[in-house]
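Novice: Just so it is clear, I am handing over run.cif, which has mmCIF, N, CA and C atoms.
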data_run
loop_
_atom_site.label_atom_id
_atom_site.label_comp_id
_atom_site.auth_asym_id
_atom_site.auth_seq_id
_atom_site.Cartn_x
_atom_site.Cartn_y
_atom_site.Cartn_z
N MET A 1 8.52 3.71 18.34
CA MET A 1 7.84 2.93 17.32
C MET A 1 6.54 2.34 17.84
N THR A 2 6.24 2.51 19.10
CA THR A 2 5.04 1.87 19.65
C THR A 2 3.75 2.45 19.09
N ASN A 3 3.77 3.68 18.60
CA ASN A 3 2.56 4.29 18.05
C ASN A 3 2.40 4.06 16.55
N PHE A 4 3.33 3.33 15.94
CA PHE A 4 3.28 3.09 14.50
C PHE A 4 2.04 2.27 14.14
N LYS A 5 1.32 2.74 13.13
CA LYS A 5 0.18 2.01 12.58
C LYS A 5 0.25 2.14 11.06
N VAL A 6 -0.08 1.05 10.38
CA VAL A 6 -0.14 1.05 8.92
C VAL A 6 -1.44 1.73 8.51
N ASP A 7 -1.35 2.64 7.56
CA ASP A 7 -2.56 3.27 7.03
C ASP A 7 -3.50 2.18 6.55
N PRO A 8 -4.77 2.25 6.90
CA PRO A 8 -5.73 1.21 6.50
C PRO A 8 -5.80 0.97 4.99
N ALA A 9 -5.41 1.94 4.19
CA ALA A 9 -5.44 1.77 2.74
C ALA A 9 -4.54 0.62 2.30
N PHE A 10 -3.46 0.36 3.04
CA PHE A 10 -2.56 -0.73 2.68
C PHE A 10 -3.18 -2.10 2.93
N GLU A 11 -4.07 -2.17 3.91
CA GLU A 11 -4.67 -3.45 4.29
C GLU A 11 -5.48 -4.07 3.15
N ALA A 12 -6.08 -3.25 2.32
CA ALA A 12 -6.97 -3.75 1.27
C ALA A 12 -6.24 -4.50 0.17
N GLY A 13 -5.05 -4.10 -0.19
CA GLY A 13 -4.41 -4.70 -1.36
C GLY A 13 -3.07 -5.35 -1.11
N SER A 14 -2.68 -5.45 0.17
CA SER A 14 -1.38 -6.04 0.46
C SER A 14 -1.45 -6.86 1.75
N VAL A 15 -0.42 -7.67 1.94
CA VAL A 15 -0.37 -8.58 3.08
C VAL A 15 0.92 -8.33 3.86
N ALA A 16 0.82 -8.26 5.17
CA ALA A 16 2.00 -8.09 6.01
C ALA A 16 2.90 -9.32 5.87
N VAL A 17 4.21 -9.07 5.73
CA VAL A 17 5.16 -10.17 5.61
C VAL A 17 6.02 -10.25 6.87
N PHE A 18 6.72 -9.17 7.20
CA PHE A 18 7.57 -9.13 8.39
C PHE A 18 8.01 -7.70 8.63
N ASP A 19 8.74 -7.49 9.73
CA ASP A 19 9.33 -6.20 10.03
C ASP A 19 10.84 -6.32 9.98
N TRP A 20 11.47 -5.36 9.34
CA TRP A 20 12.91 -5.22 9.32
C TRP A 20 13.27 -4.15 10.35
N PRO A 21 14.56 -3.86 10.53
CA PRO A 21 14.91 -2.87 11.54
C PRO A 21 14.19 -1.53 11.39
N LEU A 22 14.02 -1.05 10.17
CA LEU A 22 13.32 0.22 9.96
C LEU A 22 11.90 0.02 9.45
N CYS A 23 11.71 -0.86 8.50
CA CYS A 23 10.45 -0.92 7.76
C CYS A 23 9.58 -2.12 8.08
N HIS A 24 8.30 -1.87 8.01
CA HIS A 24 7.29 -2.91 7.95
C HIS A 24 7.21 -3.28 6.46
N VAL A 25 7.26 -4.57 6.14
CA VAL A 25 7.30 -5.03 4.75
C VAL A 25 5.99 -5.73 4.42
N ARG A 26 5.41 -5.35 3.27
CA ARG A 26 4.14 -5.93 2.82
C ARG A 26 4.29 -6.42 1.38
N LEU A 27 3.61 -7.51 1.07
CA LEU A 27 3.54 -8.04 -0.29
C LEU A 27 2.26 -7.52 -0.93
N GLN A 28 2.41 -6.84 -2.07
CA GLN A 28 1.24 -6.38 -2.82
C GLN A 28 0.57 -7.61 -3.42
N ASP A 29 -0.72 -7.77 -3.18
CA ASP A 29 -1.45 -8.95 -3.66
C ASP A 29 -1.91 -8.70 -5.10
N ASP A 30 -0.94 -8.72 -6.00
CA ASP A 30 -1.21 -8.49 -7.42
C ASP A 30 -0.24 -9.36 -8.21
N SER A 31 -0.74 -10.46 -8.71
CA SER A 31 0.12 -11.45 -9.37
C SER A 31 0.69 -10.94 -10.70
N ARG A 32 0.26 -9.80 -11.17
CA ARG A 32 0.82 -9.26 -12.41
C ARG A 32 2.27 -8.82 -12.23
N PHE A 33 2.64 -8.47 -10.99
CA PHE A 33 3.97 -7.92 -10.73
C PHE A 33 4.48 -8.40 -9.37
N PRO A 34 5.72 -8.87 -9.28
CA PRO A 34 6.34 -9.09 -7.98
C PRO A 34 6.50 -7.71 -7.32
N TRP A 35 6.02 -7.55 -6.07
CA TRP A 35 5.90 -6.19 -5.56
C TRP A 35 5.90 -6.20 -4.04
N LEU A 36 6.84 -5.49 -3.46
CA LEU A 36 6.89 -5.29 -2.02
C LEU A 36 6.72 -3.81 -1.70
N ILE A 37 6.15 -3.53 -0.54
CA ILE A 37 5.99 -2.17 -0.06
C ILE A 37 6.72 -2.08 1.28
N LEU A 38 7.57 -1.09 1.40
CA LEU A 38 8.31 -0.85 2.64
C LEU A 38 7.73 0.39 3.31
N ILE A 39 7.32 0.25 4.57
CA ILE A 39 6.74 1.37 5.31
C ILE A 39 7.59 1.60 6.56
N PRO A 40 8.35 2.71 6.61
CA PRO A 40 9.13 2.97 7.81
C PRO A 40 8.24 3.00 9.05
N ARG A 41 8.66 2.30 10.08
CA ARG A 41 7.86 2.15 11.29
C ARG A 41 8.08 3.32 12.24
N ARG A 42 7.72 4.48 11.76
CA ARG A 42 7.78 5.71 12.55
C ARG A 42 6.45 6.42 12.35
N GLU A 43 5.97 7.03 13.41
CA GLU A 43 4.69 7.72 13.35
C GLU A 43 4.80 9.06 12.61
N GLY A 44 3.80 9.37 11.78
CA GLY A 44 3.67 10.69 11.19
C GLY A 44 4.61 11.02 10.04
N LEU A 45 5.21 10.03 9.41
CA LEU A 45 6.13 10.31 8.30
C LEU A 45 5.36 10.45 6.99
N HIS A 46 5.74 11.46 6.21
CA HIS A 46 5.13 11.65 4.89
C HIS A 46 6.17 11.74 3.78
N GLU A 47 7.33 12.27 4.09
CA GLU A 47 8.36 12.50 3.08
C GLU A 47 9.68 11.87 3.52
N LEU A 48 10.55 11.58 2.56
CA LEU A 48 11.87 11.07 2.89
C LEU A 48 12.62 12.01 3.83
N GLU A 49 12.40 13.30 3.68
CA GLU A 49 13.07 14.29 4.52
C GLU A 49 12.65 14.20 5.98
N ASP A 50 11.54 13.50 6.26
CA ASP A 50 11.10 13.31 7.63
C ASP A 50 11.95 12.28 8.38
N LEU A 51 12.74 11.50 7.64
CA LEU A 51 13.64 10.53 8.25
C LEU A 51 14.97 11.21 8.59
N SER A 52 15.63 10.70 9.61
CA SER A 52 16.98 11.19 9.92
C SER A 52 17.93 10.70 8.82
N PRO A 53 19.11 11.29 8.72
CA PRO A 53 20.07 10.80 7.73
C PRO A 53 20.37 9.30 7.92
N GLU A 54 20.47 8.86 9.16
CA GLU A 54 20.73 7.44 9.42
C GLU A 54 19.57 6.56 8.97
N GLU A 55 18.36 7.05 9.19
CA GLU A 55 17.18 6.29 8.76
C GLU A 55 17.09 6.26 7.24
N ARG A 56 17.46 7.35 6.57
CA ARG A 56 17.45 7.35 5.10
C ARG A 56 18.45 6.33 4.57
N ALA A 57 19.61 6.24 5.19
CA ALA A 57 20.60 5.24 4.78
C ALA A 57 20.06 3.83 5.02
N ALA A 58 19.41 3.62 6.15
CA ALA A 58 18.83 2.30 6.45
C ALA A 58 17.74 1.96 5.44
N LEU A 59 16.92 2.95 5.08
CA LEU A 59 15.88 2.71 4.09
C LEU A 59 16.49 2.30 2.76
N GLY A 60 17.55 2.97 2.36
CA GLY A 60 18.22 2.60 1.11
C GLY A 60 18.68 1.15 1.13
N GLU A 61 19.26 0.72 2.22
CA GLU A 61 19.71 -0.67 2.34
C GLU A 61 18.53 -1.64 2.31
N GLU A 62 17.44 -1.26 2.96
CA GLU A 62 16.26 -2.14 2.97
C GLU A 62 15.60 -2.19 1.59
N VAL A 63 15.67 -1.11 0.83
CA VAL A 63 15.16 -1.13 -0.54
C VAL A 63 15.97 -2.11 -1.39
N VAL A 64 17.28 -2.09 -1.24
CA VAL A 64 18.13 -3.03 -1.99
C VAL A 64 17.79 -4.47 -1.59
N ARG A 65 17.64 -4.70 -0.31
CA ARG A 65 17.27 -6.04 0.19
C ARG A 65 15.92 -6.47 -0.38
N ALA A 66 14.96 -5.54 -0.39
CA ALA A 66 13.64 -5.84 -0.95
C ALA A 66 13.74 -6.15 -2.45
N GLY A 67 14.63 -5.46 -3.14
CA GLY A 67 14.80 -5.73 -4.57
C GLY A 67 15.20 -7.17 -4.83
N GLN A 68 16.07 -7.71 -4.02
CA GLN A 68 16.46 -9.12 -4.18
C GLN A 68 15.27 -10.04 -3.92
N LEU A 69 14.46 -9.72 -2.92
CA LEU A 69 13.29 -10.54 -2.64
C LEU A 69 12.26 -10.45 -3.78
N VAL A 70 12.13 -9.27 -4.36
CA VAL A 70 11.23 -9.12 -5.51
C VAL A 70 11.73 -9.98 -6.67
N ARG A 71 13.02 -10.01 -6.88
CA ARG A 71 13.58 -10.89 -7.92
C ARG A 71 13.28 -12.37 -7.58
N ASP A 72 13.38 -12.73 -6.30
CA ASP A 72 13.06 -14.10 -5.88
C ASP A 72 11.59 -14.43 -6.16
N ILE A 73 10.70 -13.49 -5.90
CA ILE A 73 9.28 -13.69 -6.19
C ILE A 73 9.09 -13.95 -7.68
N GLY A 74 9.78 -13.18 -8.51
CA GLY A 74 9.70 -13.37 -9.96
C GLY A 74 10.12 -14.75 -10.38
N VAL A 75 11.19 -15.27 -9.76
CA VAL A 75 11.66 -16.63 -10.08
C VAL A 75 10.59 -17.65 -9.70
N VAL A 76 10.02 -17.51 -8.51
CA VAL A 76 8.97 -18.45 -8.06
C VAL A 76 7.77 -18.39 -9.00
N ALA A 77 7.45 -17.19 -9.47
CA ALA A 77 6.30 -17.01 -10.37
C ALA A 77 6.61 -17.40 -11.81
N GLY A 78 7.87 -17.76 -12.10
CA GLY A 78 8.23 -18.14 -13.46
C GLY A 78 8.36 -16.97 -14.41
N ARG A 79 8.56 -15.78 -13.85
CA ARG A 79 8.68 -14.57 -14.68
C ARG A 79 9.84 -13.74 -14.14
N THR A 80 11.03 -14.06 -14.59
CA THR A 80 12.24 -13.41 -14.10
C THR A 80 12.14 -11.89 -14.24
N VAL A 81 12.47 -11.19 -13.18
CA VAL A 81 12.44 -9.73 -13.17
C VAL A 81 13.59 -9.20 -14.02
N GLN A 82 13.26 -8.29 -14.93
CA GLN A 82 14.27 -7.67 -15.79
C GLN A 82 14.64 -6.27 -15.32
N LYS A 83 13.73 -5.62 -14.60
CA LYS A 83 13.97 -4.23 -14.16
C LYS A 83 13.22 -4.01 -12.85
N LEU A 84 13.89 -3.37 -11.90
CA LEU A 84 13.23 -2.99 -10.66
C LEU A 84 12.78 -1.54 -10.75
N ASN A 85 11.54 -1.29 -10.38
CA ASN A 85 11.03 0.07 -10.25
C ASN A 85 10.92 0.36 -8.76
N VAL A 86 11.47 1.48 -8.33
CA VAL A 86 11.44 1.88 -6.93
C VAL A 86 10.88 3.28 -6.87
N ALA A 87 9.84 3.48 -6.02
CA ALA A 87 9.24 4.81 -5.94
C ALA A 87 8.57 5.03 -4.59
N ALA A 88 8.63 6.27 -4.15
CA ALA A 88 7.92 6.73 -2.96
C ALA A 88 6.98 7.84 -3.41
N LEU A 89 5.78 7.44 -3.86
CA LEU A 89 4.86 8.41 -4.44
C LEU A 89 4.02 9.12 -3.39
N GLY A 90 3.17 8.39 -2.70
CA GLY A 90 2.36 8.97 -1.64
C GLY A 90 1.25 9.88 -2.11
N ASN A 91 0.90 9.82 -3.38
CA ASN A 91 -0.19 10.67 -3.87
C ASN A 91 -1.55 10.20 -3.37
N VAL A 92 -1.74 8.92 -3.19
CA VAL A 92 -3.01 8.37 -2.72
C VAL A 92 -2.96 8.13 -1.22
N THR A 93 -1.88 7.51 -0.74
CA THR A 93 -1.70 7.24 0.68
C THR A 93 -0.50 8.05 1.15
N ALA A 94 -0.75 9.03 2.01
CA ALA A 94 0.30 9.98 2.39
C ALA A 94 1.38 9.37 3.28
N GLN A 95 1.06 8.31 4.02
CA GLN A 95 2.07 7.70 4.90
C GLN A 95 3.29 7.30 4.08
N LEU A 96 4.47 7.68 4.54
CA LEU A 96 5.69 7.38 3.80
C LEU A 96 5.82 5.89 3.56
N HIS A 97 6.01 5.53 2.31
CA HIS A 97 6.20 4.13 1.93
C HIS A 97 6.94 4.11 0.60
N VAL A 98 7.61 2.98 0.35
CA VAL A 98 8.38 2.81 -0.87
C VAL A 98 7.93 1.53 -1.55
N HIS A 99 7.59 1.64 -2.82
CA HIS A 99 7.23 0.49 -3.65
C HIS A 99 8.49 -0.05 -4.32
N VAL A 100 8.65 -1.36 -4.29
CA VAL A 100 9.73 -2.03 -5.02
C VAL A 100 9.03 -3.05 -5.91
N VAL A 101 9.02 -2.77 -7.21
CA VAL A 101 8.21 -3.54 -8.16
C VAL A 101 9.10 -4.16 -9.23
N GLY A 102 8.91 -5.45 -9.47
CA GLY A 102 9.63 -6.14 -10.53
C GLY A 102 8.89 -6.01 -11.84
N ARG A 103 9.61 -5.64 -12.88
CA ARG A 103 8.99 -5.45 -14.19
C ARG A 103 9.68 -6.33 -15.22
N ARG A 104 8.94 -6.58 -16.29
CA ARG A 104 9.44 -7.32 -17.46
C ARG A 104 9.01 -6.57 -18.71
N HIS A 105 9.80 -6.72 -19.75
CA HIS A 105 9.46 -6.05 -21.01
C HIS A 105 8.16 -6.57 -21.62
N ASP A 106 7.73 -7.76 -21.19
CA ASP A 106 6.48 -8.32 -21.73
C ASP A 106 5.33 -8.25 -20.74
N ASP A 107 5.47 -7.47 -19.64
CA ASP A 107 4.31 -7.36 -18.75
C ASP A 107 3.26 -6.47 -19.39
N GLU A 108 2.05 -6.58 -18.92
CA GLU A 108 0.92 -5.94 -19.60
C GLU A 108 0.95 -4.41 -19.60
N LEU A 109 1.75 -3.81 -18.75
CA LEU A 109 1.81 -2.36 -18.70
C LEU A 109 3.12 -1.76 -19.18
N TRP A 110 4.09 -2.61 -19.53
CA TRP A 110 5.40 -2.12 -19.97
C TRP A 110 5.26 -1.19 -21.15
N PRO A 111 5.92 -0.07 -21.19
CA PRO A 111 6.87 0.49 -20.24
C PRO A 111 6.24 1.48 -19.27
N ASP A 112 4.92 1.52 -19.22
CA ASP A 112 4.22 2.49 -18.38
C ASP A 112 4.34 2.15 -16.90
N PRO A 113 4.07 3.12 -16.03
CA PRO A 113 4.08 2.83 -14.59
C PRO A 113 2.92 1.92 -14.21
N VAL A 114 3.04 1.25 -13.08
CA VAL A 114 2.01 0.30 -12.64
C VAL A 114 0.96 0.95 -11.74
N TRP A 115 1.27 2.09 -11.14
CA TRP A 115 0.39 2.68 -10.15
C TRP A 115 -0.90 3.17 -10.76
N GLY A 116 -2.01 2.67 -10.20
CA GLY A 116 -3.33 3.10 -10.65
C GLY A 116 -3.70 2.63 -12.04
N ARG A 117 -3.06 1.58 -12.54
CA ARG A 117 -3.29 1.11 -13.90
C ARG A 117 -3.81 -0.31 -13.88
N GLY A 118 -4.90 -0.55 -14.56
CA GLY A 118 -5.46 -1.88 -14.65
C GLY A 118 -6.04 -2.34 -13.33
N VAL A 119 -6.46 -3.60 -13.32
CA VAL A 119 -7.08 -4.18 -12.13
C VAL A 119 -6.13 -5.23 -11.57
N ALA A 120 -5.88 -5.14 -10.28
CA ALA A 120 -5.01 -6.11 -9.62
C ALA A 120 -5.58 -7.51 -9.76
N THR A 121 -4.69 -8.47 -9.95
CA THR A 121 -5.07 -9.89 -10.03
C THR A 121 -4.49 -10.57 -8.80
N PRO A 122 -5.33 -10.84 -7.78
CA PRO A 122 -4.81 -11.47 -6.55
C PRO A 122 -4.16 -12.81 -6.85
N TYR A 123 -3.18 -13.16 -6.01
CA TYR A 123 -2.45 -14.42 -6.18
C TYR A 123 -3.33 -15.64 -5.98
N GLY A 124 -4.28 -15.58 -5.09
CA GLY A 124 -5.03 -16.77 -4.69
C GLY A 124 -4.32 -17.39 -3.49
N ALA A 125 -5.10 -17.99 -2.60
CA ALA A 125 -4.58 -18.45 -1.31
C ALA A 125 -3.37 -19.38 -1.40
N PRO A 126 -3.39 -20.44 -2.24
CA PRO A 126 -2.23 -21.35 -2.24
C PRO A 126 -0.93 -20.67 -2.66
N VAL A 127 -0.98 -19.87 -3.71
CA VAL A 127 0.22 -19.20 -4.20
C VAL A 127 0.67 -18.13 -3.19
N LEU A 128 -0.28 -17.39 -2.65
CA LEU A 128 0.04 -16.36 -1.68
C LEU A 128 0.73 -16.97 -0.46
N GLN A 129 0.23 -18.08 0.03
CA GLN A 129 0.85 -18.73 1.20
C GLN A 129 2.26 -19.23 0.87
N ARG A 130 2.46 -19.76 -0.33
CA ARG A 130 3.78 -20.22 -0.74
C ARG A 130 4.76 -19.05 -0.82
N LEU A 131 4.30 -17.93 -1.39
CA LEU A 131 5.16 -16.74 -1.47
C LEU A 131 5.50 -16.21 -0.09
N LEU A 132 4.51 -16.11 0.76
CA LEU A 132 4.74 -15.59 2.12
C LEU A 132 5.72 -16.48 2.88
N SER A 133 5.56 -17.79 2.76
CA SER A 133 6.49 -18.71 3.42
C SER A 133 7.90 -18.52 2.92
N GLY A 134 8.06 -18.44 1.61
CA GLY A 134 9.39 -18.25 1.02
C GLY A 134 10.00 -16.93 1.43
N LEU A 135 9.19 -15.87 1.44
CA LEU A 135 9.70 -14.57 1.84
C LEU A 135 10.16 -14.59 3.29
N ARG A 136 9.37 -15.20 4.14
CA ARG A 136 9.71 -15.23 5.57
C ARG A 136 10.96 -16.05 5.83
N ILE A 137 11.17 -17.09 5.05
CA ILE A 137 12.39 -17.89 5.20
C ILE A 137 13.59 -17.12 4.68
N ASN A 138 13.46 -16.49 3.51
CA ASN A 138 14.60 -15.86 2.84
C ASN A 138 14.89 -14.42 3.25
N GLY A 139 13.90 -13.73 3.78
CA GLY A 139 14.14 -12.31 4.03
C GLY A 139 13.68 -11.80 5.36
N GLY A 140 13.14 -12.66 6.19
CA GLY A 140 12.59 -12.23 7.47
C GLY A 140 13.61 -11.60 8.38
N GLY A 141 13.04 -10.75 9.27
CA GLY A 141 13.73 -10.01 10.27
C GLY A 141 15.07 -10.43 10.62
#
Can the structure in the file be given as structure tokens, please?
Specialist:
Amino acid sequence: MTNFKVDPAFEAGSVAVFDWPLCHVRLQDDSRFPWLILIPRREGLHELEDLSPEERAALGEEVVRAGQLVRDIGVVAGRTVQKLNVAALGNVTAQLHVHVVGRRHDDELWPDPVWGRGVATPYGAPVLQRLLSGLRINGGG
């Protein structure tokens, strides 16, 4: 894992939160949706098939864990998550990563997908710091 690096594309729109046993976890800086990104900390991964069976099982468990944290973000934001969207697209950034996004029937893009739609609305420093603190307390390593 010493050669693991996050693709620079993630740096622009998300913030590092912590590392779990398999994944580096980032908060998408878009207040429209509670959203975490899980990036397996292995060099050169592009597809789920690039993970060992044990790593795929670990990723599944970390996705479930991230889903609870996304629900927690929704509670803090005053917008309870009604549906979790989970996807490993990689069409723009090839490095293997999984999005865990909280959705509501009244969000601005419902029922359409969130990827590449609309303009992200950053949280702003005070809210972002509060979310990061809460995430690190409730879900950190």
Novice: Please provide as a PyMOL selection string all residues within 5 Å of Gln82 of chain A, with the sequence filter that same-chain residues fewer than 2 positions apart are discarded (counting only N, CA and C atoms).
Specialist: chain A and resi 80+84+103-104
Novice: Please report as a Markdown table every residue of segment 66-132 of chain A lying within 8 Å of segment 15-37 of chain A, along with the nearest atom pair and their distance in Å (one decimal), using only C-alpha atoms.
Specialist:
| residue | atom | partner | partner_atom | distance |
| --- | --- | --- | --- | --- |
| A:Ala66 | CA | A:Leu36 | CA | 6.9 |
| A:Val70 | CA | A:Pro34 | CA | 5.5 |
| A:Arg71 | CA | A:Pro34 | CA | 7.5 |
| A:Ile73 | CA | A:Pro34 | CA | 5.7 |
| A:Gly74 | CA | A:Pro34 | CA | 5.8 |
| A:His97 | CA | A:Ile37 | CA | 6.6 |
| A:Val98 | CA | A:Ile37 | CA | 5.6 |
| A:His99 | CA | A:Ile37 | CA | 4.6 |
| A:Val100 | CA | A:Leu36 | CA | 5.3 |
| A:Val101 | CA | A:Trp35 | CA | 4.4 |
| A:Gly102 | CA | A:Pro34 | CA | 5.1 |
| A:Arg103 | CA | A:Phe33 | CA | 6.6 |
| A:Asp107 | CA | A:Arg32 | CA | 7.5 |
| A:Glu108 | CA | A:Arg32 | CA | 7.9 |
| A:Ala120 | CA | A:Asp30 | CA | 5.0 |
| A:Thr121 | CA | A:Asp30 | CA | 4.9 |
| A:Pro122 | CA | A:Asp30 | CA | 4.8 |
| A:Tyr123 | CA | A:Ser31 | CA | 5.1 |
| A:Leu128 | CA | A:Asp29 | CA | 7.8 |
| A:Leu132 | CA | A:Val17 | CA | 6.5 |
Novice: Carefully work through the PyMOL selection byres ((chain A and resi 43) around 7) for this structure and note down the residues it includes, as a compact mmCIF listing (two decimals) with N, CA and C atoms, in the coordinates of the input.
Specialist:
# COMPACT_ATOMS: atom_id res chain seq x y z
N MET A 1 8.52 3.71 18.34
CA MET A 1 7.84 2.93 17.32
C MET A 1 6.54 2.34 17.84
N ASN A 3 3.77 3.68 18.60
CA ASN A 3 2.56 4.29 18.05
C ASN A 3 2.40 4.06 16.55
N PHE A 4 3.33 3.33 15.94
CA PHE A 4 3.28 3.09 14.50
C PHE A 4 2.04 2.27 14.14
N LYS A 5 1.32 2.74 13.13
CA LYS A 5 0.18 2.01 12.58
C LYS A 5 0.25 2.14 11.06
N PRO A 40 8.35 2.71 6.61
CA PRO A 40 9.13 2.97 7.81
C PRO A 40 8.24 3.00 9.05
N ARG A 41 8.66 2.30 10.08
CA ARG A 41 7.86 2.15 11.29
C ARG A 41 8.08 3.32 12.24
N ARG A 42 7.72 4.48 11.76
CA ARG A 42 7.78 5.71 12.55
C ARG A 42 6.45 6.42 12.35
N GLY A 44 3.80 9.37 11.78
CA GLY A 44 3.67 10.69 11.19
C GLY A 44 4.61 11.02 10.04
N LEU A 45 5.21 10.03 9.41
CA LEU A 45 6.13 10.31 8.30
C LEU A 45 5.36 10.45 6.99
N HIS A 46 5.74 11.46 6.21
CA HIS A 46 5.13 11.65 4.89
C HIS A 46 6.17 11.74 3.78
Novice: Determine which residues of chain A receive a DSSP assignment of helix (DSSP H, G or I), computed from the backbone, and state them as a PyMOL selection string.
Specialist: chain A and resi 8-13+48-50+53-76+125-139
Novice: Work out how far atom N of Pro113 of chain A is from atom N of Leu69 of chain A, in Å to one decimal.
Specialist: 21.1 Å
Novice: Using the partial input, fill out segment 49-56 of chain A with all heavy atoms; write the result as a compact mmCIF listing (two decimals), in the coordinates of the input.
Specialist:
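Done, and the output landed in out02.txt:
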# COMPACT_ATOMS: atom_id res chain seq x y z
N GLU A 49 12.40 13.30 3.68
CA GLU A 49 13.07 14.29 4.52
C GLU A 49 12.65 14.20 5.98
O GLU A 49 13.32 14.75 6.85
CB GLU A 49 12.83 15.70 3.99
CG GLU A 49 11.38 16.12 4.07
CD GLU A 49 11.04 17.33 3.24
OE1 GLU A 49 11.67 17.54 2.19
OE2 GLU A 49 10.13 18.07 3.63
N ASP A 50 11.54 13.50 6.26
CA ASP A 50 11.10 13.31 7.63
C ASP A 50 11.95 12.28 8.38
O ASP A 50 11.87 12.18 9.61
CB ASP A 50 9.63 12.87 7.68
CG ASP A 50 8.68 13.92 7.12
OD1 ASP A 50 9.04 15.12 7.14
OD2 ASP A 50 7.59 13.54 6.67
N LEU A 51 12.74 11.50 7.64
CA LEU A 51 13.64 10.53 8.25
C LEU A 51 14.97 11.21 8.59
O LEU A 51 15.38 12.15 7.91
CB LEU A 51 13.93 9.38 7.27
CG LEU A 51 12.76 8.48 6.89
CD1 LEU A 51 13.14 7.59 5.71
CD2 LEU A 51 12.33 7.63 8.08
N SER A 52 15.63 10.70 9.61
CA SER A 52 16.98 11.19 9.92
C SER A 52 17.93 10.70 8.82
O SER A 52 17.60 9.77 8.08
CB SER A 52 17.43 10.66 11.27
OG SER A 52 17.69 9.26 11.19
N PRO A 53 19.11 11.29 8.72
CA PRO A 53 20.07 10.80 7.73
C PRO A 53 20.37 9.30 7.92
O PRO A 53 20.50 8.57 6.94
CB PRO A 53 21.32 11.66 7.97
CG PRO A 53 20.77 12.95 8.49
CD PRO A 53 19.60 12.54 9.36
N GLU A 54 20.47 8.86 9.16
CA GLU A 54 20.73 7.44 9.42
C GLU A 54 19.57 6.56 8.97
O GLU A 54 19.77 5.48 8.41
CB GLU A 54 21.01 7.21 10.92
CG GLU A 54 22.25 7.90 11.44
CD GLU A 54 22.07 9.40 11.72
OE1 GLU A 54 20.92 9.89 11.82
OE2 GLU A 54 23.10 10.08 11.81
N GLU A 55 18.36 7.05 9.19
CA GLU A 55 17.18 6.29 8.76
C GLU A 55 17.09 6.26 7.24
O GLU A 55 16.69 5.24 6.66
CB GLU A 55 15.90 6.90 9.36
CG GLU A 55 15.79 6.67 10.85
CD GLU A 55 14.69 7.49 11.48
OE1 GLU A 55 14.36 8.60 10.98
OE2 GLU A 55 14.14 7.04 12.51
N ARG A 56 17.46 7.35 6.57
CA ARG A 56 17.45 7.35 5.10
C ARG A 56 18.45 6.33 4.57
O ARG A 56 18.17 5.62 3.60
CB ARG A 56 17.75 8.74 4.55
CG ARG A 56 16.58 9.70 4.70
CD ARG A 56 16.73 10.97 3.89
NE ARG A 56 17.86 11.79 4.28
CZ ARG A 56 17.83 12.77 5.18
NH1 ARG A 56 16.70 13.05 5.80
NH2 ARG A 56 18.91 13.47 5.46
